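Comments concern the structure below.
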Amino acid sequence: MCQPIPESASIKDCIHIIESLPEDDSPEILGIHPEAQRSIREIQGQKLIENLIALQPKTTTDKLTINPHQSNDELMIEIVSDLLKRLPLTVEKEECPSTLKSLLSSSIWESLYKNIKGHDPLIHCVLIVFLNQEIGRFNKLLSVIHKSLKDLQLALKGESILTQELEEIYDSLLNTKVPLLWQ
């Protein structure tokens, strides 16, 4: 692996030897477990994606107007109120199963079922149960988002304390990232 450079080697020979070296050292040379290299690659990939997101231009909705003389707090109050207006409180459970039922009873699905042998009619029930569970999870997430946005709004107005959790949400929204609490 390691080859000594001969004393009679020219600069071109040295450059060739250097270019023939591997890009990265193997984990064994550094005395670490081979799985550590996979973890390092994953972290590097995450950092690359974060940097790419940071380089993207910031976009806003038509309703938000960013004024260069506006403070971060004023901008955040505007962002939070816009999010609260546009974000639904819950997903309506009554609409989704009926929509799913109508989809499953459509002529397209019926023709598919006729062509598939061994179709189980319980799939309808399973899909509806799965959809209801996902709606429940999404409603919990919406509840957490609404509560944290309202708490942040109160803290920015000075009516409550800005906790570390709310400060993380504040920083994430300013940097156009999804807050950890919402993930």
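Here, A, B, ... name the chains of the structure tokens in the order displayed, residue numbers run from 1 inside each chain, and ligands are numbered from 1 in the same displayed order.
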Contacts of Pro179 (chain A) at 9 Å (only C-alpha atoms; same-chain gap of 4+ positions) as an MDAnalysis selection string: chainID A and resid 168:173 183
Pick out the residues sitting within 12 Å of region 36-41 of chain A, and hand them over as a compact mmCIF listing (two decimals) with all heavy atoms, in the first residue's frame; count only C-alpha atoms, and ignore anything fewer than 5 positions along from it in its own chain.
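Output file result.txt is given in full below:
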```txt
# COMPACT_ATOMS: atom_id res chain seq x y z
N ASP A 24 -9.77 8.30 0.11
CA ASP A 24 -9.98 8.24 1.55
C ASP A 24 -9.17 7.10 2.14
O ASP A 24 -8.96 6.07 1.51
CB ASP A 24 -11.46 7.99 1.87
CG ASP A 24 -12.35 9.13 1.40
OD1 ASP A 24 -11.94 10.30 1.56
OD2 ASP A 24 -13.45 8.85 0.88
N ASP A 25 -8.73 7.30 3.36
CA ASP A 25 -8.02 6.25 4.07
C ASP A 25 -9.02 5.20 4.52
O ASP A 25 -10.16 5.50 4.88
CB ASP A 25 -7.30 6.81 5.30
CG ASP A 25 -6.18 7.77 4.90
OD1 ASP A 25 -5.57 7.54 3.86
OD2 ASP A 25 -5.96 8.74 5.65
N SER A 26 -8.61 3.95 4.49
CA SER A 26 -9.52 2.88 4.92
C SER A 26 -9.68 2.96 6.44
O SER A 26 -8.78 3.43 7.15
CB SER A 26 -8.99 1.52 4.50
OG SER A 26 -7.82 1.22 5.22
N PRO A 27 -10.82 2.49 6.96
CA PRO A 27 -11.05 2.57 8.41
C PRO A 27 -10.01 1.79 9.22
O PRO A 27 -9.69 2.16 10.34
CB PRO A 27 -12.43 1.96 8.59
CG PRO A 27 -13.04 1.88 7.25
CD PRO A 27 -11.96 1.97 6.25
N GLU A 28 -9.46 0.71 8.63
CA GLU A 28 -8.48 -0.11 9.36
C GLU A 28 -7.22 0.70 9.66
O GLU A 28 -6.60 0.54 10.72
CB GLU A 28 -8.11 -1.36 8.55
CG GLU A 28 -9.24 -2.36 8.41
CD GLU A 28 -10.19 -2.03 7.25
OE1 GLU A 28 -9.79 -1.34 6.30
OE2 GLU A 28 -11.35 -2.46 7.32
N ILE A 29 -6.81 1.56 8.73
CA ILE A 29 -5.60 2.36 8.95
C ILE A 29 -5.80 3.29 10.14
O ILE A 29 -4.89 3.51 10.93
CB ILE A 29 -5.27 3.18 7.68
CG1 ILE A 29 -4.80 2.25 6.57
CG2 ILE A 29 -4.21 4.23 7.97
CD1 ILE A 29 -4.54 2.94 5.25
N LEU A 30 -7.01 3.85 10.25
CA LEU A 30 -7.30 4.79 11.32
C LEU A 30 -7.67 4.09 12.63
O LEU A 30 -7.86 4.74 13.65
CB LEU A 30 -8.42 5.73 10.90
CG LEU A 30 -8.14 6.57 9.65
CD1 LEU A 30 -9.38 7.32 9.22
CD2 LEU A 30 -6.98 7.52 9.88
N GLY A 31 -7.82 2.76 12.57
CA GLY A 31 -8.14 2.01 13.78
C GLY A 31 -9.59 2.12 14.19
O GLY A 31 -9.90 2.03 15.38
N GLN A 46 -25.79 14.50 4.99
CA GLN A 46 -26.74 15.39 5.66
C GLN A 46 -26.23 16.83 5.66
O GLN A 46 -26.99 17.77 5.42
CB GLN A 46 -26.99 14.92 7.09
CG GLN A 46 -27.81 13.66 7.17
CD GLN A 46 -27.89 13.11 8.59
OE1 GLN A 46 -27.15 13.53 9.48
NE2 GLN A 46 -28.77 12.14 8.79
N LYS A 47 -24.94 17.00 5.93
CA LYS A 47 -24.37 18.36 5.93
C LYS A 47 -24.41 18.97 4.53
O LYS A 47 -24.67 20.17 4.38
CB LYS A 47 -22.94 18.34 6.47
CG LYS A 47 -22.87 18.15 7.96
CD LYS A 47 -21.46 18.22 8.47
CE LYS A 47 -21.44 18.02 9.97
NZ LYS A 47 -20.10 18.09 10.53
N LEU A 48 -24.16 18.16 3.51
CA LEU A 48 -24.23 18.64 2.13
C LEU A 48 -25.64 19.13 1.81
O LEU A 48 -25.83 20.21 1.25
CB LEU A 48 -23.80 17.55 1.15
CG LEU A 48 -23.97 17.90 -0.33
CD1 LEU A 48 -22.99 18.99 -0.74
CD2 LEU A 48 -23.80 16.67 -1.19
```
message: If we count only C-alpha atoms and set the cut-off at 10 Å, which residues sit around Pro88 (chain A), ignoring sequence neighbours fewer than 3 positions away in its own chain? Please answer as number ranges by chain.
response: A: 83-85, 91-92, 139, 142-143, 146
Selected residues written out, N, CA, C and O atoms, as a compact mmCIF listing (two decimals), in the first residue's frame:
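As a result, out25.txt now contains:
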```txt
# COMPACT_ATOMS: atom_id res chain seq x y z
N LEU A 83 -48.97 31.16 8.76
CA LEU A 83 -49.05 29.71 8.91
C LEU A 83 -50.33 29.30 9.65
O LEU A 83 -50.99 28.34 9.26
N LEU A 84 -50.67 30.04 10.70
CA LEU A 84 -51.87 29.71 11.46
C LEU A 84 -53.14 29.89 10.63
O LEU A 84 -54.10 29.13 10.78
N LYS A 85 -53.14 30.87 9.74
CA LYS A 85 -54.31 31.09 8.88
C LYS A 85 -54.45 29.98 7.84
O LYS A 85 -55.55 29.54 7.55
N VAL A 91 -57.70 17.19 9.93
CA VAL A 91 -58.11 16.60 8.67
C VAL A 91 -59.47 15.97 8.93
O VAL A 91 -59.64 15.25 9.92
N GLU A 92 -60.43 16.25 8.09
CA GLU A 92 -61.78 15.73 8.30
C GLU A 92 -61.81 14.23 8.05
O GLU A 92 -61.53 13.78 6.95
N ASN A 139 -53.46 14.48 12.57
CA ASN A 139 -54.18 15.44 13.41
C ASN A 139 -53.38 15.76 14.68
O ASN A 139 -53.38 16.89 15.15
N LEU A 142 -50.73 18.16 13.57
CA LEU A 142 -51.33 19.49 13.37
C LEU A 142 -51.59 20.17 14.71
O LEU A 142 -51.37 21.38 14.85
N SER A 143 -52.01 19.40 15.70
CA SER A 143 -52.25 19.96 17.04
C SER A 143 -50.95 20.49 17.64
O SER A 143 -50.92 21.59 18.22
N HIS A 146 -49.94 23.72 15.73
CA HIS A 146 -50.77 24.86 16.11
C HIS A 146 -50.42 25.36 17.51
O HIS A 146 -50.31 26.58 17.72
```
